[in-house]
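Enquirer: Sharing a structure below in structure tokens format, with a few things to ask.
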Amino acid sequence: MRLTPRSNGAAAKTHRSHVLAVSAVLLTGLLVPLSAGAEPSSPGSTAAADAIAAAAAAEDLVGDITFSVPSGTFQGQVSVSLSTAIAGAQIRYTTNGQLPNAQSTLYQGSPLRFTGTTQLRAQAFVNQAASGRPGTAMYVAREATTTAHDLPVVMIDSYAAGKPQREYFNAATMVFEPQAGGTTSLAAAPAVATRAGFRLRGQSSASFEKTPYRLEFWDNGGDDADYPVLGMPADSDWVLRGPFTDKSLIREAFIYDLGREMGLKAPRYKFVEFYLNTDASAVGSADYMGVYMMVETIKNSKNRLDLKGLDEDDTTLPTIQGGYIFKFEWMAAEEPTLPCTGPANTCWNYLEVADPDPLNTQQRDWLRGHVQEFHDVLRAPNFADPTTGYQKYVDVPSFIDHMILNELSRGMDAYIRSAHFYKDRDSKIFAGPLWDFDLTFGVGGYFQNDQVSGWQHQQTRQPLANDWYTQLLRDPAFVNQTKSRWQSLRRGLLSDSALAGRIDALSRPLTNGAQRNFQRWPNLSSATVGFFRTPTAPTWQGQVQAMRDWMQRRITWLDSASGWGGSTTPTSTTTTTTTTTTPPVGARCSATYTVVNQWQGGFQGEVRVTAGTSAISNWTVSWTYANGETVTQAWNATVTSQGSTVTARNAAHNGSVGAGASATFGFLGSSTGSPGAPVLTCTAG
């Protein structure tokens, strides 16, 4: 997929090992000691590792050549002198992107002068034989006037080669960070300047004028070069996503941040402003592409999704069990894919393996068989058995959280496209990492209406990608856990105030960039963008508000009895334990404790609070467990524990109870045996 084939990179890797073995690296004023083989284990050591990676990649790029002017942009003309410390060497150079050979132009000692964008590559030669490491510097011509940006800036120049399609084009790539004054521009010294390849990415988004790109940092041999970018850990693989249908600019970032705090895997990102120059002119205002997100790719690496690595010779147990990354890509899956065995109307479709790459036949067959077992268990009579059913195969909390985010945002491609899963060697299948949430919160509507009511998992397309969530929801315990998780999140991360604050924090730094973005792409009032329906608020602030409004209406439905509101439903018709307080004469309230269902290691309980002869405005119920039970989740009350004593206080909506009327709250608990019948105390105001 590269313009130039990869070399084996042995020389470069040997050099990087040498750089890592030094006792210290001085980078941007930071002296970073790190002995060879040390593994970063804290934020400080992660920064140290990134500093070393940046220094190694930058030093490797220039090799054994000294360029009098470092890589960057220039206005008018740049003059560059070359030298090398290799004794008795001549320097030969190229400006066509190829590494020099013995027939390349000989450097005569006078400065080289460039007036247009140039990739200058040089190599030392002794007796006509290449000696030492080649070096590269990139000089990008810019316009005389540059715009000041308060967001970081990413610039790609394709050396007048035009825009790529699905094959990588050679390019100069530079990243500019805001400095002490809070701004940066194309005239600043780049924080990252590297050889790179970039290509088109995405499906429907690839047809947009504001195009998304895949970006790879390259070293001199065309191998991966790892640079830390804008505070994100060092890596070579990145994506530039340009929010286009999403005119708030923040939908995807919103979900990534929220999901990460819920415990799901999600890529890191930074908002940037992007320039793309594909012709022979100087880079400038005409090349401005607007506000983008620079996003980590989903891959199995130390700083991304850190799973066990599968080598091609890992073909037997236990190593063949992981790690794997796979995803549903409805109507867009690429090989290698996993076929399903069974009736066409029940089988999955479009399941693509993203990692390992390459995937050998034995690994493909093992993973296909493991997924098939899970798929078949979902249709078995005992599919909900906690030992032999679906819980044997999947991490249930990650599936629940993934579903909650899909239903909250109601993306039109939820569950069936960009739907990732991963499995490590010694673990179950996890849902995630999160990816591709631009067609959400009321944007989209190509295949389904964008109503705030109803379930997205019930939307069907033919042929179907998968029905896994539909099958999971046949289990009342799965439904109960989902309801409980939703209600718990609504008191914290998904509370109205927390969601409003998150939107404010994301949108506030984008104010100036959004103004420039919509000057470049004046589509705020367009009812459709590409194939997709979008809000028509005439200002960017109005677009952000449209996202808020849609989300609040969606949450109202999810909070209702039709959604995940109210009490959970019993998973058994048997009531195992009921106790009622015996209130003293004149007591303001009484409480009834019921175990509505139990299973090995856990139970579901409900407490009914009944007012006495007069209305109450708040209530508190407490009890003490005698058999080691603990409350793990609760809804419709705030529940705290102190040792074996549990205290439950009313939620905001159910504290006021009329004379003789009742309010209820529920909870899930853990236990080592049959849950007991505690004595309750009820007090009220």
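Note on naming: chains are A, B, ... as they come in the structure tokens, residues start from 1 per chain, ligands start from 1 in the order shown.
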Please identify all polymer residues within 6 Å of segment 352-363 of chain A, counting only C-alpha atoms, omitting same-chain residues fewer than 3 positions from it, and present them as number ranges by chain.
Expert: A: 315, 324-327, 333, 336-337, 366
Enquirer: When you count only C-alpha atoms, which of these residues is closest to Ser488 of chain A: A:Val595, A:Val377, A:Met262, A:Leu434?
Expert: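 Using only C-alpha atoms, Ser488 of chain A sits closest to A:Met262.
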Enquirer: Let me make sure I understand: among A:Met155, A:Ala137, A:Leu408, A:Ala57, which one has the smallest atom-to-atom distance to Ala234 of chain A if we use only C-alpha atoms?
Expert: A:Ala57
Enquirer: Show me a table, sorted first by chain and then by increasing residue number, of the residues of segment 126-155 of chain A having an atom at most 12 Å from segment 502-510 of chain A, each with its shortest atom pair and the distance in Å to one decimal, counting only C-alpha atoms and written as a tab-separated table.
Expert:
residue	atom	partner	partner_atom	distance
A:His149	CA	A:Leu510	CA	10.5
A:Asp150	CA	A:Pro509	CA	8.2
A:Leu151	CA	A:Leu510	CA	7.7
A:Pro152	CA	A:Leu510	CA	11.1
Enquirer: Would you save the residues of that selection, restricted to N, CA and C atoms, as an mmCIF file, in the first residue's frame?
Expert:
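As a result, out31.cif now contains:
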data_model
loop_
_atom_site.group_PDB
_atom_site.id
_atom_site.type_symbol
_atom_site.label_atom_id
_atom_site.label_comp_id
_atom_site.auth_asym_id
_atom_site.auth_seq_id
_atom_site.Cartn_x
_atom_site.Cartn_y
_atom_site.Cartn_z
ATOM 1 N N HIS A 149 -3.400 30.589 14.372
ATOM 2 C CA HIS A 149 -4.376 29.603 14.826
ATOM 3 C C HIS A 149 -4.189 29.348 16.316
ATOM 4 N N ASP A 150 -5.302 29.271 17.049
ATOM 5 C CA ASP A 150 -5.198 28.894 18.457
ATOM 6 C C ASP A 150 -5.348 27.388 18.655
ATOM 7 N N LEU A 151 -5.641 26.659 17.591
ATOM 8 C CA LEU A 151 -5.573 25.204 17.604
ATOM 9 C C LEU A 151 -4.256 24.770 16.956
ATOM 10 N N PRO A 152 -3.769 23.565 17.260
ATOM 11 C CA PRO A 152 -2.612 23.058 16.523
ATOM 12 C C PRO A 152 -2.913 22.982 15.028
#
Enquirer: Might you pull out every residue within 10 Å of Cys347 of chain A, with only C-alpha atoms counted and same-chain residues fewer than 6 positions away left off, and present them as a VMD selection string?
Expert: chain A and resid 339 to 341 372 375 to 376 463 to 467
Enquirer: Any chance you can output those residues with N, CA and C atoms as a PDB file, in the first residue's frame?
Expert:
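Wrote again28.pdb, looks like this:
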ATOM      1  N   PRO A 339     -16.298 -16.322   7.706  1.00  0.00           N
ATOM      2  CA  PRO A 339     -17.605 -16.810   7.249  1.00  0.00           C
ATOM      3  C   PRO A 339     -18.386 -17.427   8.392  1.00  0.00           C
ATOM      4  N   CYS A 340     -19.694 -17.390   8.274  1.00  0.00           N
ATOM      5  CA  CYS A 340     -20.600 -17.954   9.278  1.00  0.00           C
ATOM      6  C   CYS A 340     -21.229 -19.229   8.726  1.00  0.00           C
ATOM      7  N   THR A 341     -21.412 -20.205   9.596  1.00  0.00           N
ATOM      8  CA  THR A 341     -22.047 -21.467   9.210  1.00  0.00           C
ATOM      9  C   THR A 341     -23.427 -21.532   9.842  1.00  0.00           C
ATOM     10  N   GLN A 372     -18.106 -18.575  16.099  1.00  0.00           N
ATOM     11  CA  GLN A 372     -19.257 -19.418  15.770  1.00  0.00           C
ATOM     12  C   GLN A 372     -19.843 -20.056  17.030  1.00  0.00           C
ATOM     13  N   HIS A 375     -21.845 -17.415  18.747  1.00  0.00           N
ATOM     14  CA  HIS A 375     -23.032 -17.145  17.936  1.00  0.00           C
ATOM     15  C   HIS A 375     -24.072 -18.251  18.122  1.00  0.00           C
ATOM     16  N   ASP A 376     -23.625 -19.507  18.133  1.00  0.00           N
ATOM     17  CA  ASP A 376     -24.560 -20.627  18.284  1.00  0.00           C
ATOM     18  C   ASP A 376     -25.123 -20.698  19.697  1.00  0.00           C
ATOM     19  N   PRO A 463     -28.614  -7.863   3.522  1.00  0.00           N
ATOM     20  CA  PRO A 463     -28.506  -8.900   4.543  1.00  0.00           C
ATOM     21  C   PRO A 463     -27.948  -8.340   5.850  1.00  0.00           C
ATOM     22  N   LEU A 464     -28.410  -8.868   6.951  1.00  0.00           N
ATOM     23  CA  LEU A 464     -28.060  -8.360   8.268  1.00  0.00           C
ATOM     24  C   LEU A 464     -26.589  -8.601   8.575  1.00  0.00           C
ATOM     25  N   ALA A 465     -25.957  -7.648   9.293  1.00  0.00           N
ATOM     26  CA  ALA A 465     -24.575  -7.854   9.729  1.00  0.00           C
ATOM     27  C   ALA A 465     -24.532  -8.803  10.925  1.00  0.00           C
ATOM     28  N   ASN A 466     -25.314  -8.505  11.962  1.00  0.00           N
ATOM     29  CA  ASN A 466     -25.367  -9.406  13.118  1.00  0.00           C
ATOM     30  C   ASN A 466     -26.588  -9.075  13.962  1.00  0.00           C
ATOM     31  N   ASP A 467     -27.032 -10.058  14.723  1.00  0.00           N
ATOM     32  CA  ASP A 467     -28.164  -9.861  15.644  1.00  0.00           C
ATOM     33  C   ASP A 467     -27.765 -10.190  17.071  1.00  0.00           C
TER      34      ASP A 467
END
Enquirer: Using only C-alpha atoms, which of the listed residues (A:Ala51, A:Val69, A:Ala286, A:Ala193) sits closest to Arg520 of chain A?
Expert: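 Comparing A:Ala51, A:Val69, A:Ala286, A:Ala193 against Arg520 of chain A, the winner is A:Ala286.
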Enquirer: Please compute the atom CA of Ser453 of chain A-atom CA of Tyr469 of chain A distance, one decimal, in Å.
Expert: 18.1 Å
Enquirer: Contacts of Ser158 of chain A at 9 Å or less, counting only C-alpha atoms, minus same-chain residues fewer than 4 places along, as a count of residues only?
Expert: 14
Enquirer: Can you tell me which residues surround Val609 of chain A at a distance of at most 7 Å, considering only C-alpha atoms, apart from same-chain residues fewer than 2 positions away, and format the answer as an NGL selection string?
Expert: :A and (589-592 or 607 or 611 or 662-664)
Enquirer: Can you tell me, as a ChimeraX atom specification, which residues in segment 152-189 of chain A count as strand (DSSP E) by DSSP?
Expert: /A:153-157,169-176
Enquirer: For the residues in the current selection, export C-alpha atoms as an mmCIF file, in the first residue's frame.
Expert:
data_model
loop_
_atom_site.group_PDB
_atom_site.id
_atom_site.type_symbol
_atom_site.label_atom_id
_atom_site.label_comp_id
_atom_site.auth_asym_id
_atom_site.auth_seq_id
_atom_site.Cartn_x
_atom_site.Cartn_y
_atom_site.Cartn_z
ATOM 1 C CA VAL A 153 -1.994 22.935 12.776
ATOM 2 C CA VAL A 154 -1.261 19.903 10.589
ATOM 3 C CA MET A 155 0.108 20.464 7.087
ATOM 4 C CA ILE A 156 0.550 17.864 4.320
ATOM 5 C CA ASP A 157 2.220 18.645 0.987
ATOM 6 C CA PHE A 169 1.257 9.131 -1.784
ATOM 7 C CA ASN A 170 4.638 10.390 -0.628
ATOM 8 C CA ALA A 171 4.258 13.624 1.326
ATOM 9 C CA ALA A 172 5.914 16.093 3.649
ATOM 10 C CA THR A 173 3.982 16.235 6.916
ATOM 11 C CA MET A 174 4.420 18.840 9.645
ATOM 12 C CA VAL A 175 2.666 19.472 12.959
ATOM 13 C CA PHE A 176 2.727 22.954 14.510
#
Enquirer: Taking the chain letters and numbering used in this document, name the residues of segment 508-630 of chain A that DSSP puts in alpha helix (DSSP H), as number ranges by chain.
Expert: A: 511-520, 540-558
Enquirer: Distance atom CA of Gly97 of chain A-atom CA of Arg121 of chain A, one decimal place?
Expert: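 Straight-line distance from atom CA of Gly97 of chain A to atom CA of Arg121 of chain A works out to 7.1 Å.
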Enquirer: Measuring between only C-alpha atoms, which one of A:Ser79, A:Thr95, A:Ser205, A:Thr640 shows the shortest distance to Arg113 of chain A?
Expert: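 For Arg113 of chain A, the nearest of the candidates is A:Ser79.
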